[in-house]
Amino acid sequence: MPIDRKLLDDVALSAEEYNLIVERLGREPGPVELGMLGSLWSEHCGYKHSKLLLKLFPSQGPHVLIPPGEENAGVVDIGGGLAVAFKMESHNHPSAIEPYQGAATGVGGIVRDIFAMGARPIALMNSLRFGPLSEARNRYLFTGVVAGIAGYGNCLGIPDVGGEACFDATYSHNPLINVFCLGLVEIAKLQRGCASGAGNALMLVGSDTGRDGIHGASGLASRTFEEERELRPTVQVGNPFLEKLLMEACLELAGTDYIEGLQDLGAAGLTSAAVEAVARGGAGLNMDIALVTRREEGMTPYEVMLSESQERMLAIVRRGREAEAQALFEKWGLNSVVIGRVTDDSLATVRDGEQVVARLPISLLTTPPLYRLQGRKPPELDQLQNIDLSRLPDLPRPASEVLLRLLASPTIASKEWVYRQYDHQVLTNTVVGPGSDAAILRVKGTQKGIALTCDGNGRLCYLDPHIGGARAVAEAARNLVCAGARPLALTDCLNFGNPERPEVYYQLEQAILGMSEACRALETPVVSGNVSLYNETRGQAVYPTPVVGMVGLLEDIDKRCPMGFQGEGDAVYLLGPMGAEASHLAGSEYLALEHGLVAGQPAIDLDMEVQVQRRCLEAIQRGLLRSAHDCSEGGLAVALAESAIAGGMGFTGEFELSGRRDAALFGEAPSRIVVSVQPGQEEELQALAQSWKVPLLRLGRVRGRQFLIPDLVDLDLETLSQAWRRGLERALG
Amino acid sequence: MRFGVIVFPGTWSDGDCYWALGSVLGQEARYVWYAEADLSDLDCVILPGGFSYGDYLRPGAIARFSPVMAAVADFAAQGKLVLGICNGFQILCEAGLLPGVLRQNHHLQYRCQWVNLRVETTEVPFTARSKRGQVLRIPISHYEGAYYADDATLAELEARGQVVFRYCTAKGEVTAEANPNGARNNIAGIVNREGNVLGMMPHPERACEAILGSEDGKVIFESLWARPAASRR
């Protein structure tokens with residue numbers, strides 16, 4: 001086959017990679033073969049720039065049943081014969097092109113990953129990042145994405161229980177849409193995405209195959225937006241109703257004895273689903289794509305193999321039991337067709353009727369070259385890190401005003417405008433819904449609760465990817481601890497720019513190292529995840545933004561802890577270091593909002609973090625704490641205000657400020673939790689803190705309807721609450 | 001009492017209703033597949049929430065042609081109890097078992113939130129155990145929940161006491177602010193003329209346990225088996 005740059009570019013392969021293919025294959029690949037190799041060797045499917053780095057993540061732990069990479073999602077044991085399967089995935093580029101469908105099909109994809117494991121999806125979360133809402137294009141993207149998530153998720157009947165939304169100019173041309181799904185499964189019914197046993201049937205189920213989404217994996221997800229091409233056709237259109245039927249049918253199928261494996265069709269469609277499934281089973285496949293039911297006439301084998309039409313699954317059904325599986329699908333009104341068989345020749349043989357259009361070793365398809373590049377610290381970073389923040393004037397604007405501005409800023413303001421558009425209650429497990437540090441779901445028939453949260457901070461990672469990565473993990477764990485849960489494990493979405501650029505590679509490498517360090521310290525292994533690289537426009541990458549989705553367990557759901565103040569007269573304390581030096585302003589919302597600065601050197605002391613979290617959880621389990629809330633964006637003043645608003649109760653500060661006022665109130669030092677206790681239990685808390693060697697500072701009392709910090713802030717609760725509640729809606733205009 | 005919970009393709013509150021009736025309230029319940037035609041073993045049929053047939057065309061517009069709906073119409077005509085919740089309410093309206101329609105929320109957004117409902121009548125089996133004017137805290141979750149009927153129908157509903165629930169404030173005042181979707185007369189739930197078919201947009205099955213934030217929904221189910229003998233039909 002004559003090969004040219006354009007052809008290789010279409011499948012996102014380099015000339016070197018092409019030569020490698022020829023060398024390993026011993027001949028030139030045919031066009032269908034080239035398409036298959038291009039998509040499986042793409043970053044999105046093959047992780048060629050990230051795999052060697054991802055191996056650095058700790059992935060083992062006593063409760064990890066299925067570690068990352070082995071299956072469609074990671075699986076963690078929660079005791080009592082039950083497990084949770086969870087994963088997070090990005091749908092950034094499709095959403096930038098077509099926000100509604102991009103986000104909707106993102107939800108569809110992650111949900112399929114979960115029910116492919118035989119797990120009933122019981123919760124969604126999403127982590128969203130956009131440019132400032134002052135720009136019309138960003139408002140369009142944001143409202144479209146929210147509507148898309150709502151439109152798809154609501155129709156499926158899976159509650160969307162939490163997440164985050166942040167706004168920063170860095171995401172203006174390249175929003176980040178990360179969706180998380182968690183499923184519950186009896187360990188005995190866990191399903192694998194595995195095809196083995198020669199002669200077993202490959203049954204394609206669900207939607208017909210169309211021309212949508214061709215080159216989604218290689219073209220859209222593994223490339224930047226440098227060139228102006230028409231990309232809309234690469235975005236798929238979702239049909240959530242069909243997905244709901246597919247989900248119910250597959251969950252019913254997972255309980256039968258004629259199913260061998262289940263695999264969803266996502267990026268790279270049938271190619272990736274079939275090849276991955278037989279690769280896991282150590283087998284081969286022989287299929288006839290003339291049998292694939294199509295949406296339109298005249299589709300070529302290439303198009304059929306690479307179509308990313310949504311709502312399709314590949315079921316691996318035991319030989320001789322095909323009719324039973326088909327009857328089950330028919331009950332749910334689903335089309336199913338046997339398109340091929342598992343073989344024992346370790347080859348992927350694809351036929352179009354009698355004609356063989358591809359015949360490749362599975363091992364060639366699944367082992368792309370892996371690159372370990374040399375990173376380079378971005379040249380501007382030293383200067384940004386070393387900027388002397390102590391030269392900034394300390395609170396040029398009154399603290400009350402700053403607090404209101406921070407509370408109303410879209411990143412910090414209440415996200416009710418978003419989550420009231422999502423059904424967050426269906427399945428009647430939601431005990432704590434969106435809007436708290438962590439969501440809590442009960443597990444029916446047990447006393448257990450599952451806590452979940454999403455976290456990431458691109459600004460901190462930009463300033464120091466190593467520290468920023470560690471802090472994303474630490475904050476996620478801290479959120480779970482505040483709710484009274486023991487953190488178990490995490491999934492992640494690594495949103496970065498083009499890894500072929502040394503500065504971006506440095507960020508990726510450092511963030512992974514930092515995250516890994518925190519994972520080890522906090523004993524939260526990484527069980528699944530996804531990388532989204534090439535998030536950049538015209539050479540400008542987004543802030544390196546690893547997003548962490550973490551899952552925790554409450555053995556006794558009645559021992560959960562709220563974030564809001566609970567009782568008049570309760571004493572309020574800060575657990576963890578105060579942090580009132582200029583350096584604590586590094587990467588803060590305050591610095592960005594009031595000084596227009598993204599600068600400073602973020603820090604974290606992981607030993608301190610571990611102690612603070614361990615002790616907080618201990619105090620909650622003893623029933624000592626009435627509330628606990630993580631200090632993060634906006635600092636201590638915002639955390640106190642949020643606890644006051646959530647509890648509908650005022651606060652009177654009784655602490656002496658030392659150091660800088662701006663840093664004390666709005667600095668973002670890590671490892672800090674605002675807690676409250678009943679007045680009679682103050683001594684107990686203080687005595688415990690003494691023995692723990694964790695700093696504990698008395699901040700004041702829960703009192704009345706005013707929010708008071710002596711000499712600095714004096715606001716009534718209503719004003720505070722209105723600023724926070726209305727902030728996002730006001731920004732949308 | 002024996003309950004049937006209908007499952008259409010796309011229904012998703014079936015499990016929640018089944019759980020509330022069975023595990024929380026200790027009643028006998030079974031699922032009814034949309035293709036079934038025999039409801040004779042049941043005392044009450046529930047049409048749960050969800051997106052039957054994807055809500056394609058119009059919510060309930062396709063589900064009303066399901067085989068089970070003919071059986072539901074017969075069941076209702078026999079004076080047996082039918083409760084449509086959310087999508088179930090929409091289906092009952094489309095099927096002509098209840099008057100009026102559910103339109104898109106006036107703000108054109110999906111809404112999932114807690115609302116307050118005022119009990120307008122206790123003369124129907126679904127509210128026999130509650131008090132008139134009682135405020136129930138129950139969540140909604142819908143995009144097409146704005147009840148609409150023409151003036152004449154509305155006047156008749158009001159005159160005959162067929163309005164069972166109205167959106168209100170926590171104190172029971174019926175105000176525009178308390179109306180989450182633009183429903184006419186703040187209507188959240190109505191019954192047919194005979195009083196044995198209730199349609200309501202809010203989800204009482206989500207408000208049957210304190211751990212979920214409210215137990216106010218229980219009274220609607222409990223009224224059905226524990227209602228005073230006088231109101232039994």
# chains A, B, ... in the order shown; residues from 1 in each chain; ligands from 1
$ select_by_dssp --residues "range 484-540 of chain A" --states "strand (DSSP E or B)" --output "JSON, numbers by chain"
{"A": [486, 487, 488, 489, 490, 491, 492, 493, 494, 495, 526, 527, 528, 529, 530, 531, 532, 536, 537, 540]}
$ interface_residues --of "chain B" --to "chain A" --cutoff "10 Å" --atoms "only C-alpha atoms" --output "PDB file with N, CA and C atoms, in the first residue's frame"
ATOM      1  N   PRO B   9     -40.153  -0.232  29.612  1.00  0.00           N
ATOM      2  CA  PRO B   9     -38.755  -0.016  29.216  1.00  0.00           C
ATOM      3  C   PRO B   9     -38.393   1.442  29.531  1.00  0.00           C
ATOM      4  N   GLY B  10     -37.367   1.631  30.340  1.00  0.00           N
ATOM      5  CA  GLY B  10     -36.960   2.993  30.693  1.00  0.00           C
ATOM      6  C   GLY B  10     -37.449   3.463  32.055  1.00  0.00           C
ATOM      7  N   THR B  11     -38.289   2.681  32.704  1.00  0.00           N
ATOM      8  CA  THR B  11     -38.719   3.030  34.064  1.00  0.00           C
ATOM      9  C   THR B  11     -37.539   2.896  35.012  1.00  0.00           C
ATOM     10  N   TRP B  12     -37.390   3.849  35.982  1.00  0.00           N
ATOM     11  CA  TRP B  12     -36.295   3.664  36.942  1.00  0.00           C
ATOM     12  C   TRP B  12     -36.659   3.816  38.414  1.00  0.00           C
ATOM     13  N   SER B  13     -37.884   4.189  38.715  1.00  0.00           N
ATOM     14  CA  SER B  13     -38.229   4.226  40.140  1.00  0.00           C
ATOM     15  C   SER B  13     -38.911   2.938  40.591  1.00  0.00           C
ATOM     16  N   ASP B  14     -38.931   1.939  39.719  1.00  0.00           N
ATOM     17  CA  ASP B  14     -39.576   0.673  40.072  1.00  0.00           C
ATOM     18  C   ASP B  14     -38.936   0.056  41.314  1.00  0.00           C
ATOM     19  N   GLY B  15     -37.617   0.029  41.324  1.00  0.00           N
ATOM     20  CA  GLY B  15     -36.909  -0.546  42.470  1.00  0.00           C
ATOM     21  C   GLY B  15     -37.148   0.261  43.747  1.00  0.00           C
ATOM     22  N   ASP B  16     -37.208   1.577  43.610  1.00  0.00           N
ATOM     23  CA  ASP B  16     -37.417   2.433  44.782  1.00  0.00           C
ATOM     24  C   ASP B  16     -38.808   2.216  45.372  1.00  0.00           C
ATOM     25  N   CYS B  17     -39.816   2.091  44.501  1.00  0.00           N
ATOM     26  CA  CYS B  17     -41.178   1.853  44.979  1.00  0.00           C
ATOM     27  C   CYS B  17     -41.272   0.477  45.638  1.00  0.00           C
ATOM     28  N   TRP B  19     -38.867  -1.224  47.017  1.00  0.00           N
ATOM     29  CA  TRP B  19     -38.151  -1.181  48.300  1.00  0.00           C
ATOM     30  C   TRP B  19     -39.012  -0.510  49.380  1.00  0.00           C
ATOM     31  N   ALA B  20     -39.597   0.649  49.029  1.00  0.00           N
ATOM     32  CA  ALA B  20     -40.391   1.385  50.026  1.00  0.00           C
ATOM     33  C   ALA B  20     -41.578   0.548  50.479  1.00  0.00           C
ATOM     34  N   SER B  23     -39.669  -3.428  51.798  1.00  0.00           N
ATOM     35  CA  SER B  23     -38.710  -3.435  52.899  1.00  0.00           C
ATOM     36  C   SER B  23     -39.018  -2.397  53.970  1.00  0.00           C
ATOM     37  N   GLY B  49     -41.789   6.353  38.451  1.00  0.00           N
ATOM     38  CA  GLY B  49     -41.087   7.361  37.668  1.00  0.00           C
ATOM     39  C   GLY B  49     -40.043   6.757  36.754  1.00  0.00           C
ATOM     40  N   GLY B  50     -39.516   7.594  35.896  1.00  0.00           N
ATOM     41  CA  GLY B  50     -38.493   7.148  34.960  1.00  0.00           C
ATOM     42  C   GLY B  50     -38.677   7.838  33.624  1.00  0.00           C
ATOM     43  N   PHE B  51     -38.070   7.258  32.618  1.00  0.00           N
ATOM     44  CA  PHE B  51     -38.191   7.785  31.256  1.00  0.00           C
ATOM     45  C   PHE B  51     -38.689   6.640  30.373  1.00  0.00           C
ATOM     46  N   SER B  52     -39.971   6.279  30.533  1.00  0.00           N
ATOM     47  CA  SER B  52     -40.480   5.171  29.734  1.00  0.00           C
ATOM     48  C   SER B  52     -40.301   5.505  28.250  1.00  0.00           C
ATOM     49  N   TYR B  53     -39.767   4.553  27.531  1.00  0.00           N
ATOM     50  CA  TYR B  53     -39.475   4.735  26.100  1.00  0.00           C
ATOM     51  C   TYR B  53     -38.645   6.001  25.865  1.00  0.00           C
ATOM     52  N   GLY B  54     -37.796   6.308  26.845  1.00  0.00           N
ATOM     53  CA  GLY B  54     -36.901   7.447  26.689  1.00  0.00           C
ATOM     54  C   GLY B  54     -37.600   8.796  26.726  1.00  0.00           C
ATOM     55  N   ASP B  55     -38.885   8.807  27.044  1.00  0.00           N
ATOM     56  CA  ASP B  55     -39.682  10.039  26.948  1.00  0.00           C
ATOM     57  C   ASP B  55     -39.663  10.583  25.516  1.00  0.00           C
ATOM     58  N   TYR B  56     -39.290   9.728  24.584  1.00  0.00           N
ATOM     59  CA  TYR B  56     -39.236  10.187  23.200  1.00  0.00           C
ATOM     60  C   TYR B  56     -40.658  10.533  22.740  1.00  0.00           C
ATOM     61  N   GLN B 109     -35.622  23.788  32.636  1.00  0.00           N
ATOM     62  CA  GLN B 109     -34.532  22.971  33.191  1.00  0.00           C
ATOM     63  C   GLN B 109     -35.129  21.808  33.963  1.00  0.00           C
ATOM     64  N   TYR B 110     -34.357  20.728  34.012  1.00  0.00           N
ATOM     65  CA  TYR B 110     -34.712  19.609  34.882  1.00  0.00           C
ATOM     66  C   TYR B 110     -34.589  20.100  36.320  1.00  0.00           C
ATOM     67  N   ARG B 111     -35.438  19.609  37.194  1.00  0.00           N
ATOM     68  CA  ARG B 111     -35.334  19.973  38.603  1.00  0.00           C
ATOM     69  C   ARG B 111     -35.412  18.747  39.487  1.00  0.00           C
ATOM     70  N   CYS B 112     -34.389  18.591  40.323  1.00  0.00           N
ATOM     71  CA  CYS B 112     -34.439  17.593  41.382  1.00  0.00           C
ATOM     72  C   CYS B 112     -34.229  18.351  42.673  1.00  0.00           C
ATOM     73  N   GLN B 113     -35.254  18.448  43.494  1.00  0.00           N
ATOM     74  CA  GLN B 113     -35.135  19.200  44.745  1.00  0.00           C
ATOM     75  C   GLN B 113     -36.264  18.819  45.689  1.00  0.00           C
ATOM     76  N   TRP B 114     -36.100  19.183  46.955  1.00  0.00           N
ATOM     77  CA  TRP B 114     -37.168  18.965  47.919  1.00  0.00           C
ATOM     78  C   TRP B 114     -38.228  20.034  47.719  1.00  0.00           C
ATOM     79  N   PRO B 139     -39.481  15.024  47.582  1.00  0.00           N
ATOM     80  CA  PRO B 139     -38.740  15.599  46.453  1.00  0.00           C
ATOM     81  C   PRO B 139     -39.427  15.450  45.084  1.00  0.00           C
ATOM     82  N   ILE B 140     -39.056  16.343  44.190  1.00  0.00           N
ATOM     83  CA  ILE B 140     -39.459  16.203  42.789  1.00  0.00           C
ATOM     84  C   ILE B 140     -38.218  15.876  41.961  1.00  0.00           C
ATOM     85  N   SER B 141     -38.429  15.328  40.780  1.00  0.00           N
ATOM     86  CA  SER B 141     -37.328  15.080  39.847  1.00  0.00           C
ATOM     87  C   SER B 141     -37.915  14.956  38.451  1.00  0.00           C
ATOM     88  N   HIS B 142     -37.975  16.070  37.747  1.00  0.00           N
ATOM     89  CA  HIS B 142     -38.608  16.017  36.428  1.00  0.00           C
ATOM     90  C   HIS B 142     -38.233  17.210  35.559  1.00  0.00           C
ATOM     91  N   TYR B 143     -38.460  17.024  34.277  1.00  0.00           N
ATOM     92  CA  TYR B 143     -38.305  18.116  33.316  1.00  0.00           C
ATOM     93  C   TYR B 143     -39.667  18.581  32.820  1.00  0.00           C
ATOM     94  N   HIS B 203     -42.086  12.470  44.391  1.00  0.00           N
ATOM     95  CA  HIS B 203     -41.759  11.053  44.592  1.00  0.00           C
ATOM     96  C   HIS B 203     -41.922  10.653  46.062  1.00  0.00           C
ATOM     97  N   GLU B 205     -41.997   7.779  47.325  1.00  0.00           N
ATOM     98  CA  GLU B 205     -41.157   6.617  47.675  1.00  0.00           C
ATOM     99  C   GLU B 205     -39.748   7.047  48.081  1.00  0.00           C
ATOM    100  N   ARG B 206     -39.367   8.275  47.759  1.00  0.00           N
ATOM    101  CA  ARG B 206     -38.048   8.765  48.170  1.00  0.00           C
ATOM    102  C   ARG B 206     -38.109   9.412  49.556  1.00  0.00           C
ATOM    103  N   ALA B 207     -39.274   9.469  50.143  1.00  0.00           N
ATOM    104  CA  ALA B 207     -39.440  10.157  51.426  1.00  0.00           C
ATOM    105  C   ALA B 207     -40.117   9.228  52.423  1.00  0.00           C
ATOM    106  N   CYS B 208     -39.570   8.030  52.552  1.00  0.00           N
ATOM    107  CA  CYS B 208     -40.156   7.047  53.466  1.00  0.00           C
ATOM    108  C   CYS B 208     -39.210   6.652  54.594  1.00  0.00           C
ATOM    109  N   GLU B 209     -38.028   7.284  54.653  1.00  0.00           N
ATOM    110  CA  GLU B 209     -37.071   6.907  55.683  1.00  0.00           C
ATOM    111  C   GLU B 209     -36.334   8.148  56.171  1.00  0.00           C
ATOM    112  N   ALA B 210     -36.174   8.241  57.488  1.00  0.00           N
ATOM    113  CA  ALA B 210     -35.515   9.420  58.066  1.00  0.00           C
ATOM    114  C   ALA B 210     -34.110   9.611  57.501  1.00  0.00           C
ATOM    115  N   ILE B 211     -33.407   8.531  57.232  1.00  0.00           N
ATOM    116  CA  ILE B 211     -32.021   8.658  56.769  1.00  0.00           C
ATOM    117  C   ILE B 211     -31.946   9.331  55.394  1.00  0.00           C
ATOM    118  N   LEU B 212     -33.054   9.305  54.658  1.00  0.00           N
ATOM    119  CA  LEU B 212     -33.085   9.967  53.350  1.00  0.00           C
ATOM    120  C   LEU B 212     -33.598  11.405  53.450  1.00  0.00           C
ATOM    121  N   GLY B 213     -33.933  11.842  54.664  1.00  0.00           N
ATOM    122  CA  GLY B 213     -34.301  13.244  54.844  1.00  0.00           C
ATOM    123  C   GLY B 213     -35.766  13.499  55.128  1.00  0.00           C
TER     124      GLY B 213
END
$ atom_distance --atom1 "CA of Gln611 in chain A" --atom2 "CA of Ile78 in chain A"
23.8 Å
$ residues_around --residues "Leu21 in chain B" --least-positions-apart "4" --cutoff "10 Å" --atoms "only C-alpha atoms" --output "list of chain:residue names"
B:Arg2, B:Phe3, B:Val5, B:Gly15, B:Asp16, B:Cys17, B:Leu25, B:Gly26, B:Gln27, B:Glu28, B:Ala29, B:Arg30, B:Glu205, B:Cys208, B:Lys218, B:Phe221, B:Glu222
$ write_last_selection --atoms "C-alpha atoms" --output "compact mmCIF listing (two decimals), in the first residue's frame"
# COMPACT_ATOMS: atom_id res chain seq x y z
CA ARG B 2 -50.93 -6.53 47.31
CA PHE B 3 -49.15 -4.00 45.13
CA VAL B 5 -45.14 -1.99 40.37
CA GLY B 15 -36.91 -0.55 42.47
CA ASP B 16 -37.42 2.43 44.78
CA CYS B 17 -41.18 1.85 44.98
CA LEU B 25 -43.59 -0.59 54.81
CA GLY B 26 -43.81 -4.37 54.94
CA GLN B 27 -46.34 -4.81 52.15
CA GLU B 28 -46.57 -7.49 49.54
CA ALA B 29 -45.44 -6.27 46.14
CA ARG B 30 -44.44 -7.63 42.76
CA GLU B 205 -41.16 6.62 47.68
CA CYS B 208 -40.16 7.05 53.47
CA LYS B 218 -45.23 7.17 54.02
CA PHE B 221 -48.93 4.63 51.06
CA GLU B 222 -50.16 3.94 54.58
$ residues_around --residues "Val164 in chain B" --least-positions-apart "2" --cutoff "9 Å" --atoms "only C-alpha atoms" --output "ChimeraX atom specification"
/B:118-122,124,126-127,161-162,166,187-191,198,200
$ select_by_dssp --residues "range 44-163 of chain A" --states "helix (DSSP H, G or I)" --output "MDAnalysis selection string"
chainID A and resid 44:46 51:54 92:97 99:115 136:156
